[in-house]
>>> print(open('coords-v7.txt').read())   # compact mmCIF, C-alpha atoms
# COMPACT_ATOMS: atom_id res chain seq x y z
CA MET A 238 118.01 10.94 -17.57
CA GLN A 239 116.10 7.70 -18.00
CA GLU A 240 114.20 6.47 -21.01
CA GLY A 241 110.83 4.83 -20.84
CA SER A 242 107.58 4.44 -22.69
CA VAL A 243 103.97 5.45 -22.15
CA ASP A 244 101.06 3.52 -23.59
CA ILE A 245 98.11 5.78 -24.49
CA ALA A 246 94.91 3.74 -24.66
CA GLU A 247 92.50 6.49 -25.73
CA ASP A 248 92.55 9.58 -27.91
CA LEU A 249 93.87 12.69 -26.12
CA THR A 250 93.10 16.23 -27.17
CA ARG A 251 96.42 17.57 -25.88
CA ILE A 252 99.41 16.75 -23.69
CA LEU A 253 101.40 19.15 -21.54
CA HIS A 254 105.01 18.14 -20.80
CA ILE A 255 106.67 20.06 -17.96
CA TYR A 256 110.40 19.93 -17.32
CA LEU A 257 111.84 21.09 -13.97
CA PRO A 258 115.61 21.63 -13.64
CA VAL A 259 117.20 20.11 -10.53
CA SER A 260 117.97 23.66 -9.34
CA HIS A 261 114.27 24.06 -8.52
CA PHE A 262 114.72 21.57 -5.69
CA SER A 263 117.51 23.52 -3.98
CA PRO A 264 117.11 25.29 -0.59
CA SER A 265 116.95 28.63 -2.45
CA ASN A 266 113.61 27.55 -3.88
CA PHE A 267 111.83 26.71 -0.62
CA GLU A 268 112.62 26.25 3.03
CA ILE A 269 113.63 22.60 3.11
CA ASN A 270 116.96 20.94 2.50
CA VAL A 271 116.45 18.16 -0.04
CA ASP A 272 118.88 15.36 -0.77
CA LEU A 273 119.38 15.70 -4.54
CA SER A 274 119.94 11.96 -4.83
CA ALA A 275 116.39 11.51 -3.54
CA VAL A 276 115.11 14.00 -6.12
CA SER A 277 116.84 12.15 -8.93
CA ALA A 278 115.19 8.97 -7.67
CA LEU A 279 111.67 10.37 -8.06
CA SER A 280 109.91 7.42 -9.63
CA TYR A 281 107.78 7.49 -12.73
CA GLU A 282 104.13 6.99 -11.85
CA ARG A 283 102.24 5.70 -14.85
CA ALA A 284 98.74 6.49 -13.65
CA PHE A 285 97.91 8.74 -10.71
CA GLU A 286 95.83 11.81 -9.95
CA ASP A 287 96.94 14.87 -8.00
CA SER A 288 94.45 17.75 -8.00
CA LEU A 289 97.06 20.39 -7.12
CA LEU A 290 99.47 19.27 -9.86
CA ALA A 291 96.53 19.29 -12.27
CA GLU A 292 95.59 22.88 -11.36
CA ILE A 293 99.20 23.99 -11.83
CA GLY A 294 99.24 22.30 -15.22
CA PHE A 295 96.00 24.00 -16.27
CA ALA A 296 97.38 27.39 -15.20
CA ILE A 297 100.54 26.86 -17.25
CA ALA A 298 98.51 25.71 -20.28
CA SER A 299 96.28 28.78 -19.98
CA GLU A 300 99.31 31.08 -19.94
CA LEU A 301 100.77 29.36 -23.01
CA GLN A 302 97.52 30.13 -24.82
CA SER A 303 97.02 33.73 -23.70
CA GLU A 304 100.71 34.80 -23.49
CA THR A 305 100.41 37.67 -21.02
CA SER A 306 103.17 40.19 -20.30
CA THR A 307 104.05 38.50 -17.01
CA GLY A 308 103.91 34.88 -18.11
CA GLY A 309 107.53 34.31 -17.11
CA LEU A 310 106.85 35.52 -13.57
CA LEU A 311 103.69 33.45 -13.27
CA ILE A 312 105.26 30.24 -14.53
CA GLY A 313 108.33 30.82 -12.38
CA ALA A 314 106.10 30.94 -9.31
CA LEU A 315 104.14 27.90 -10.46
CA ALA A 316 107.39 25.99 -11.01
CA SER A 317 108.34 26.61 -7.38
CA SER A 318 104.93 25.38 -6.24
CA LEU A 319 105.22 22.33 -8.47
CA ALA A 320 108.65 21.45 -7.05
CA ALA A 321 107.37 21.93 -3.50
CA ARG A 322 104.41 19.62 -4.18
CA LEU A 323 106.64 16.91 -5.63
CA VAL A 324 108.90 17.07 -2.58
CA GLN A 325 105.93 17.07 -0.20
CA LYS A 326 104.19 14.09 -1.77
CA TYR A 327 106.72 12.06 -3.68
CA VAL A 328 110.12 12.39 -1.99
CA ASN A 329 110.78 10.19 1.03
CA ALA A 330 110.31 12.26 4.22
CA SER A 331 113.68 11.11 5.55
CA SER A 332 115.36 12.72 2.53
CA ALA A 333 113.93 16.19 3.19
CA GLN A 334 114.86 18.23 6.21
CA SER A 335 113.02 21.39 7.23
CA PHE A 336 114.81 24.66 7.82
CA PRO A 337 113.59 27.08 10.53
CA ARG A 338 110.93 29.20 8.88
CA ASP A 339 110.97 32.97 8.75
CA THR A 340 107.93 33.95 10.79
CA SER A 341 107.92 37.64 9.80
CA GLN A 342 104.68 38.89 8.27
CA GLY A 343 105.60 40.03 4.78
CA LEU A 344 108.60 42.05 3.67
CA ASP A 345 110.01 44.80 5.83
CA ARG A 346 109.74 48.27 4.30
CA ARG A 347 113.40 48.60 3.35
CA ARG A 348 113.55 45.34 1.39
CA LEU A 349 110.11 45.89 -0.13
CA LEU A 350 111.13 49.32 -1.47
CA ARG A 351 114.25 47.78 -3.01
CA VAL A 352 112.11 45.25 -4.85
CA LEU A 353 109.55 47.87 -5.98
CA ASP A 354 112.33 50.16 -7.24
CA TYR A 355 113.81 47.24 -9.18
CA ILE A 356 110.43 46.45 -10.75
CA GLU A 357 109.87 50.09 -11.73
CA ALA A 358 113.31 50.30 -13.34
CA ASN A 359 112.82 47.09 -15.32
CA LEU A 360 109.22 47.26 -16.54
CA GLU A 361 110.57 47.40 -20.08
CA GLY A 362 112.98 44.55 -19.48
CA ASP A 363 113.39 41.12 -17.98
CA LEU A 364 111.81 40.56 -14.58
CA SER A 365 112.17 37.24 -12.79
CA ILE A 366 111.08 35.78 -9.47
CA GLU A 367 114.65 34.64 -8.90
CA ARG A 368 116.08 38.16 -9.18
CA MET A 369 113.33 39.73 -7.04
CA ALA A 370 113.80 37.08 -4.35
CA ALA A 371 117.57 37.69 -4.39
CA ILE A 372 117.05 41.44 -3.93
CA ALA A 373 114.75 40.69 -0.98
CA CYS A 374 117.24 38.14 0.40
CA LEU A 375 114.55 35.45 0.54
CA SER A 376 113.97 32.09 -1.08
CA ARG A 377 111.77 32.17 -4.18
CA PHE A 378 108.99 30.32 -2.38
CA HIS A 379 109.02 32.59 0.68
CA PHE A 380 109.40 35.76 -1.42
CA ALA A 381 106.20 35.16 -3.40
CA ARG A 382 104.24 34.61 -0.18
CA SER A 383 105.79 37.60 1.60
CA PHE A 384 105.26 39.93 -1.36
CA ARG A 385 101.57 39.08 -1.43
CA GLN A 386 101.31 39.77 2.29
CA ALA A 387 103.06 43.13 1.95
CA VAL A 388 101.40 44.42 -1.26
CA GLY A 389 98.12 42.54 -1.40
CA HIS A 390 98.85 41.05 -4.83
CA SER A 391 101.15 38.37 -6.21
CA PRO A 392 104.32 39.59 -7.97
CA HIS A 393 103.00 38.85 -11.45
CA ARG A 394 99.70 40.66 -10.81
CA TYR A 395 101.54 43.69 -9.46
CA VAL A 396 103.89 43.78 -12.46
CA SER A 397 100.92 43.39 -14.83
CA ALA A 398 99.25 46.48 -13.38
CA LYS A 399 102.48 48.50 -13.46
CA ARG A 400 103.08 47.55 -17.10
CA LEU A 401 99.56 48.69 -17.96
CA GLU A 402 100.34 52.06 -16.38
CA ARG A 403 103.58 52.25 -18.38
CA ALA A 404 101.72 51.35 -21.59
CA LYS A 405 99.27 54.20 -21.02
CA THR A 406 102.12 56.65 -20.48
CA LEU A 407 103.92 55.52 -23.64
CA LEU A 408 100.71 55.77 -25.66
CA MET A 409 99.91 59.27 -24.45
CA HIS A 410 103.39 60.73 -24.88
CA GLY A 411 105.03 60.21 -28.23
CA ASP A 412 104.27 58.17 -31.32
CA ARG A 413 106.18 55.01 -30.53
CA PRO A 414 104.84 52.14 -32.71
CA LEU A 415 102.41 49.84 -30.96
CA VAL A 416 104.49 46.77 -31.76
CA ASP A 417 107.52 48.37 -30.06
CA ILE A 418 105.48 49.10 -26.94
CA ALA A 419 104.11 45.55 -26.93
CA LEU A 420 107.55 43.92 -27.18
CA ALA A 421 109.14 46.36 -24.69
CA LEU A 422 106.53 45.39 -22.09
CA SER A 423 107.17 41.66 -22.69
CA PHE A 424 104.11 40.81 -24.75
CA SER A 425 104.88 38.19 -27.38
CA SER A 426 103.06 40.16 -30.10
CA GLN A 427 101.11 43.33 -30.79
CA ALA A 428 97.93 41.26 -31.04
CA ASN A 429 98.34 39.91 -27.49
CA PHE A 430 99.07 43.42 -26.22
CA THR A 431 95.96 44.79 -27.94
CA ARG A 432 93.78 42.01 -26.54
CA ALA A 433 95.02 42.49 -22.96
CA PHE A 434 94.85 46.29 -23.17
CA ARG A 435 91.29 46.19 -24.50
CA GLN A 436 90.20 43.80 -21.73
CA ALA A 437 91.73 46.07 -19.08
CA THR A 438 90.56 49.47 -20.39
CA GLY A 439 87.66 48.78 -22.73
CA GLN A 440 89.45 50.19 -25.77
CA ALA A 441 92.28 49.28 -28.12
CA PRO A 442 95.71 50.95 -27.66
CA GLY A 443 95.27 53.01 -30.84
CA GLN A 444 91.90 54.31 -29.67
CA PHE A 445 93.37 55.16 -26.27
CA ARG A 446 96.19 57.12 -27.95
CA GLN A 447 93.77 59.09 -30.11
CA ARG A 448 91.62 59.95 -27.12
CA PHE A 449 94.27 60.71 -24.51
CA GLY A 450 97.36 61.58 -26.55
CA SER A 451 99.58 64.30 -24.98
CA ARG A 452 97.50 64.22 -21.78
CA ARG A 453 98.31 62.76 -18.39
CA PRO A 454 96.26 59.71 -17.40
CA GLN A 455 93.48 59.99 -14.87
CA PRO A 456 92.87 56.30 -14.14
CA SER A 457 89.59 55.39 -12.53
CA LEU A 458 89.21 52.88 -9.73
CA THR A 459 87.68 50.55 -12.30
CA ASP A 460 90.81 50.77 -14.46
CA VAL A 461 93.05 49.92 -11.51
CA SER A 462 90.86 46.99 -10.53
CA ARG A 463 90.83 45.67 -14.09
CA ALA A 464 94.60 46.00 -14.31
CA PHE A 465 95.13 43.57 -11.44
CA SER A 466 92.43 41.09 -12.48
CA VAL A 467 92.83 40.96 -16.27
CA LEU A 468 96.49 41.38 -17.12
CA ALA A 469 97.67 38.73 -14.65
>>> encode(input="coords-v7.txt", output="structure tokens")
Amino acid sequence: MQEGSVDIAEDLTRILHIYLPVSHFSPSNFEINVDLSAVSALSYERAFEDSLLAEIGFAIASELQSETSTGGLLIGALASSLAARLVQKYVNASSAQSFPRDTSQGLDRRRLLRVLDYIEANLEGDLSIERMAAIACLSRFHFARSFRQAVGHSPHRYVSAKRLERAKTLLMHGDRPLVDIALALSFSSQANFTRAFRQATGQAPGQFRQRFGSRRPQPSLTDVSRAFSVLA
């Protein structure tokens, strides 16, 4: 750790401070071998612009504001991309050595089914990119790319849709309190759950329960589409 100072010359509406552990620069994160001494020597740049780093920052800030059910998965993936960008642009090329890349297109069926089974079993629990990648025996960086190729959606979008399906099932069968359902599906509050559910289905969870209680869901194609696009 090094101490320093930053002079701010103009008023700023907000500042986002991102901390990346050194573990994010390990070979398990992406397919290059990085000299950790080079990572620790990443210099402080007082004034520079990087459009990709900016977009990652905006995505993280947006998640902090909306607090979706898969925020941990999304930010985990963004952290890997952020580390990869820093290595690509700001670590000396001689300090990073490429590994042979896995050229397979997506996950094979056996490993994909293992990951999908794990997701299904843990919808009401902790889900992380690290654990999914370990089950698939891939680096975090390569797993996210391969999962999208195999399923057609990023891990956090897929989990968002599956949690919406689980929420509908819980609402239709039983009288579990809405706050319990929200927290079980990793929403930070009942209000965030209600907002996301309404955006995806057009109605609040309580209204959905009154309308479809004790009945099996018959999701429309519109519902499925909304699940992937809104709850991400």
>>> residues_around(input="coords-v7.txt", residues="Ile312 (chain A)", least_positions_apart="4", cutoff="9 Å", atoms="only C-alpha atoms", output="VMD selection string")
chain A and resid 296 to 297 300 307 to 308 316 to 317
>>> write_last_selection(input="coords-v7.txt", atoms="C-alpha atoms", output="short mmCIF file (atom, residue, chain, number, x, y, z; two decimals), in the frame of the given file")
data_model
loop_
_atom_site.label_atom_id
_atom_site.label_comp_id
_atom_site.auth_asym_id
_atom_site.auth_seq_id
_atom_site.Cartn_x
_atom_site.Cartn_y
_atom_site.Cartn_z
CA ALA A 296 97.38 27.39 -15.20
CA ILE A 297 100.54 26.86 -17.25
CA GLU A 300 99.31 31.08 -19.94
CA THR A 307 104.05 38.50 -17.01
CA GLY A 308 103.91 34.88 -18.11
CA ALA A 316 107.39 25.99 -11.01
CA SER A 317 108.34 26.61 -7.38
#
>>> closest_residue(input="coords-v7.txt", among="A:Ala421, A:Ser306, A:Ala321, A:Phe445", to="Ser397 (chain A)", atoms="all atoms listed in the file")
A:Ser306
>>> closest_residue(input="coords-v7.txt", among="A:Thr438, A:Ser242, A:Gln444, A:Gln325", to="Leu408 (chain A)", atoms="all atoms listed in the file")
A:Gln444
>>> residues_near_point(input="coords-v7.txt", point="(97.9, 25.4, -23.2)", cutoff="12 Å", atoms="all atoms listed in the file", output="PyMOL selection string")
chain A and resi 250-255+293-304
>>> closest_residue(input="coords-v7.txt", among="A:Arg351, A:Lys399, A:His393, A:Arg346", to="Leu315 (chain A)", atoms="all atoms listed in the file")
A:His393
>>> residues_near_point(input="coords-v7.txt", point="(113.7, 34.2, -10.7)", cutoff="12 Å", atoms="all atoms listed in the file", output="MDAnalysis selection string")
chainID A and resid 260:261 265:266 309:317 363:373 375:378 380:381 392:393
>>> atom_distance(input="coords-v7.txt", atom1="CA of Ala441 (chain A)", atom2="CA of Met409 (chain A)")
13.1 Å
>>> axis_aligned_box(input="coords-v7.txt", around="region 295-313 of chain A", padding_each_side="3 Å", output="AutoDock Vina command-line options")
--center_x 102.2 --center_y 32.1 --center_z -18.6 --size_x 18.3 --size_y 22.2 --size_z 18.4
>>> atom_distance(input="coords-v7.txt", atom1="CA of Leu350 (chain A)", atom2="CA of His390 (chain A)")
15.2 Å
>>> residues_around(input="coords-v7.txt", residues="Ala404 (chain A)", least_positions_apart="6", cutoff="9 Å", atoms="all atoms listed in the file", output="PyMOL selection string")
chain A and resi 418-419+422+434+442
>>> closest_residue(input="coords-v7.txt", among="A:Gly411, A:Val396, A:Leu323, A:Asn429", to="Gln447 (chain A)", atoms="only C-alpha atoms")
A:Gly411
>>> atom_distance(input="coords-v7.txt", atom1="CA of Ser318 (chain A)", atom2="CA of Phe285 (chain A)")
18.6 Å
